Amino acid sequence: MEAIVKQLQIVNNPAAFGRGCQYRMSTDPGQYYPPPQIASFCSLKKRAFSNELSVSQCRNSDPTFCNPFGVGHCGQQIGSCNGDVVGVHVHLQTCKTGKEKMCYISATARPMDMDEGSTMQADAKNLVEADVGWFDRFSRFSRPHTIIGSALGVTSVSLLAIQSRADLSVTFLIGLLQALIPALCMNVYIVGLNQIYDIEIDKVNKPYLPLASGEYSLSTGIAIVVTFAAVSLAIGIYVGSRPLMWALTVSLVLGTAYSVDVPFLRWKRSAVAAASCILAVRAIVVQLGFYLHMQASVFGRAAVMTRPLWFITGFMCFFSIVIALAKDIPDVEGDKVFGIHSFSVRLGQKRVFWLCVWLLQAAYTTAVVVGLTSSTLWTKVAMGVGHIALAGILWMRSQNVDLKSRAAIAAWYMFIWKLFYAEYILIPFIR
């Protein structure tokens, strides 16, 4: 039995087309899991075809949950779209046997962590053709912006240990992979563990995450984080690098203390303790642990603190504080409900927002001064021109943020991560 669907309403934080649309929590008393979100301000109306949409039973008067581009049946809520859970409220106008199936999409909403840049036309195509397999769910679970940050950080700091062209060798590549793979596995453990203990909070703040949406069961989440932690530590033990093992172990301990809800832990409840955890991992462990792994364990040189290493460690202390502060600005609503006393909850979003901006401006100013005192031309150019440009972009971008819009604040937070990536591109030029 096939269905021609004439009316369809997206209700659960669906795909990324309708970019920039606002959305609000539904006041519909109907029982949906997780609570539906209705895209009420989008005007996109696009007909999408699905070759797989089928229903096992149809009643014209009953609403049906289905996946507009995948297999579904009456009463079921399944699937994801472009990395986000899709729950569609479908009224079946007619049911018949046949090959033609149509969905009329009335509105969509964009998840706030998604990167911009796709067009509505491309995203509408993605809605129909997207692969909703395990990669989608795992990608959201692993928090790609943190994965990218960790990958760039480890690679950039490793390049900082290079002293001549001869160092760019197979030995360097192997040493980099020895650090990069367990670091990314540990990243998955840390962000995954946080989601396990934040399921109820994420239903308010980030309902598109797999555990909050119900796409992953709790046992699946636990299995993933335990597996990735074990793989990370196993690789560290096999490699036998003391700096690498130190970096992985400290990251494991701090990531656990940040999230796990047991006495004396769950440090994220405290604004100072939460910021300290992020600062320790992003600013100190990444810089020192992975640099010394490359310098001492891979190249066999003396483990010394160089001038560039001192600078980037100090600079990333500023940046890590900013990330720790900025990440909570969009999440005030959920944090208040669940007793997370972030700086944004305690001081207000506007104060924390501008504190982040001025901390980064101070860091960029310091970087310019340090760059101009370097004896090498490329360092002066990269540090001077590069950080002046980043400071200017930050200032202009921050002027137009609507602090009353959670979507606007979240987009600005993702922009801060892009500045974080840019910094790691500049680091290898520091000499």
# chains A, B, ... in the order shown; residues from 1 in each chain; ligands from 1
$ residues_around --residues "Cys356 (chain A)" --least-positions-apart "4" --cutoff "9 Å" --atoms "only C-alpha atoms" --output "list in words"
Phe319, Ile321, Val322, Ile323, Leu325, Ala326, Arg351, Val352, Leu360 and Gln361 of chain A
$ write_last_selection --atoms "all heavy atoms" --output "JSON list (two decimals), in the first residue's frame"
[["chain", "number", "residue", "atom", "x", "y", "z"],
["A", 319, "PHE", "N", 42.26, 31.82, 24.52],
["A", 319, "PHE", "CA", 41.26, 31.31, 23.59],
["A", 319, "PHE", "C", 40.39, 30.24, 24.25],
["A", 319, "PHE", "O", 39.17, 30.17, 24.02],
["A", 319, "PHE", "CB", 41.92, 30.73, 22.34],
["A", 319, "PHE", "CG", 41.20, 31.10, 21.08],
["A", 319, "PHE", "CD1", 41.86, 31.76, 20.05],
["A", 319, "PHE", "CD2", 39.87, 30.80, 20.90],
["A", 319, "PHE", "CE1", 41.21, 32.12, 18.89],
["A", 319, "PHE", "CE2", 39.20, 31.16, 19.73],
["A", 319, "PHE", "CZ", 39.87, 31.81, 18.73],
["A", 321, "ILE", "N", 39.62, 30.00, 27.41],
["A", 321, "ILE", "CA", 38.69, 30.68, 28.31],
["A", 321, "ILE", "C", 37.50, 31.23, 27.52],
["A", 321, "ILE", "O", 36.34, 31.12, 27.95],
["A", 321, "ILE", "CB", 39.40, 31.80, 29.08],
["A", 321, "ILE", "CG1", 40.41, 31.21, 30.08],
["A", 321, "ILE", "CG2", 38.39, 32.69, 29.82],
["A", 321, "ILE", "CD1", 41.30, 32.23, 30.74],
["A", 322, "VAL", "N", 37.79, 31.80, 26.36],
["A", 322, "VAL", "CA", 36.72, 32.34, 25.52],
["A", 322, "VAL", "C", 35.76, 31.23, 25.09],
["A", 322, "VAL", "O", 34.53, 31.38, 25.15],
["A", 322, "VAL", "CB", 37.31, 33.07, 24.30],
["A", 322, "VAL", "CG1", 36.21, 33.40, 23.28],
["A", 322, "VAL", "CG2", 38.03, 34.34, 24.73],
["A", 323, "ILE", "N", 36.30, 30.10, 24.64],
["A", 323, "ILE", "CA", 35.45, 28.98, 24.23],
["A", 323, "ILE", "C", 34.61, 28.48, 25.40],
["A", 323, "ILE", "O", 33.41, 28.20, 25.27],
["A", 323, "ILE", "CB", 36.30, 27.85, 23.63],
["A", 323, "ILE", "CG1", 36.83, 28.26, 22.26],
["A", 323, "ILE", "CG2", 35.49, 26.56, 23.52],
["A", 323, "ILE", "CD1", 37.76, 27.25, 21.62],
["A", 325, "LEU", "N", 33.60, 30.16, 27.96],
["A", 325, "LEU", "CA", 32.56, 31.14, 28.26],
["A", 325, "LEU", "C", 31.49, 31.17, 27.17],
["A", 325, "LEU", "O", 30.28, 31.19, 27.44],
["A", 325, "LEU", "CB", 33.16, 32.52, 28.42],
["A", 325, "LEU", "CG", 34.12, 32.74, 29.61],
["A", 325, "LEU", "CD1", 34.74, 34.12, 29.53],
["A", 325, "LEU", "CD2", 33.39, 32.55, 30.93],
["A", 326, "ALA", "N", 31.94, 31.17, 25.92],
["A", 326, "ALA", "CA", 31.01, 31.36, 24.80],
["A", 326, "ALA", "C", 30.09, 30.18, 24.59],
["A", 326, "ALA", "O", 28.94, 30.34, 24.15],
["A", 326, "ALA", "CB", 31.80, 31.64, 23.51],
["A", 351, "ARG", "N", 26.95, 40.48, 29.03],
["A", 351, "ARG", "CA", 28.25, 40.70, 29.66],
["A", 351, "ARG", "C", 29.27, 39.66, 29.24],
["A", 351, "ARG", "O", 30.43, 39.98, 28.94],
["A", 351, "ARG", "CB", 28.10, 40.71, 31.18],
["A", 351, "ARG", "CG", 27.39, 41.93, 31.74],
["A", 351, "ARG", "CD", 27.34, 41.87, 33.25],
["A", 351, "ARG", "NE", 26.69, 43.04, 33.83],
["A", 351, "ARG", "CZ", 26.47, 43.21, 35.13],
["A", 351, "ARG", "NH1", 26.87, 42.27, 35.98],
["A", 351, "ARG", "NH2", 25.87, 44.29, 35.56],
["A", 352, "VAL", "N", 28.85, 38.41, 29.23],
["A", 352, "VAL", "CA", 29.78, 37.33, 28.86],
["A", 352, "VAL", "C", 30.15, 37.43, 27.38],
["A", 352, "VAL", "O", 31.31, 37.20, 27.01],
["A", 352, "VAL", "CB", 29.15, 35.96, 29.18],
["A", 352, "VAL", "CG1", 30.04, 34.83, 28.68],
["A", 352, "VAL", "CG2", 28.93, 35.82, 30.68],
["A", 360, "LEU", "N", 39.55, 38.10, 23.40],
["A", 360, "LEU", "CA", 40.19, 37.75, 22.14],
["A", 360, "LEU", "C", 40.92, 38.92, 21.53],
["A", 360, "LEU", "O", 42.02, 38.76, 20.95],
["A", 360, "LEU", "CB", 39.15, 37.21, 21.15],
["A", 360, "LEU", "CG", 38.80, 35.73, 21.28],
["A", 360, "LEU", "CD1", 37.84, 35.32, 20.17],
["A", 360, "LEU", "CD2", 40.04, 34.87, 21.23],
["A", 361, "GLN", "N", 40.36, 40.11, 21.63],
["A", 361, "GLN", "CA", 41.06, 41.29, 21.11],
["A", 361, "GLN", "C", 42.37, 41.52, 21.85],
["A", 361, "GLN", "O", 43.39, 41.88, 21.23],
["A", 361, "GLN", "CB", 40.15, 42.53, 21.23],
["A", 361, "GLN", "CG", 38.90, 42.50, 20.38],
["A", 361, "GLN", "CD", 39.18, 42.60, 18.89],
["A", 361, "GLN", "OE1", 40.31, 42.56, 18.44],
["A", 361, "GLN", "NE2", 38.13, 42.71, 18.10]]
$ residues_around --residues "Val231 (chain A)" --least-positions-apart "6" --cutoff "9 Å" --atoms "only C-alpha atoms" --output "PyMOL selection string"
chain A and resi 182+185-186
$ closest_residue --among "A:Val369, A:Ile199, A:Met305, A:Val191" --to "Thr256 (chain A)" --atoms "only C-alpha atoms"
A:Val191
$ residues_around --residues "region 299-304 of chain A" --least-positions-apart "3" --cutoff "9 Å" --atoms "only C-alpha atoms" --output "ChimeraX atom specification"
/A:161,167,171-172,175,292-296
$ closest_residue --among "A:Leu419, A:Ile430, A:Leu159, A:Met316" --to "Val368 (chain A)" --atoms "only C-alpha atoms"
A:Ile430
$ closest_residue --among "A:Asp136, A:Asp402, A:Asp261, A:Glu215" --to "Leu193 (chain A)" --atoms "only C-alpha atoms"
A:Asp261
$ select_by_dssp --residues "region 122-304 of chain A" --states "alpha helix (DSSP H)" --output "NGL selection string"
:A and (122-129 or 134-142 or 144-160 or 170-197 or 199-205 or 210-213 or 218-239 or 242-259 or 271-279 or 290-292)
$ closest_residue --among "A:Val157, A:Leu390, A:Val262, A:Ala183" --to "Ala363 (chain A)" --atoms "only C-alpha atoms"
A:Leu390
$ closest_residue --among "A:Ser375, A:Thr366, A:Ser241, A:Ser276" --to "Gly289 (chain A)" --atoms "only C-alpha atoms"
A:Ser241
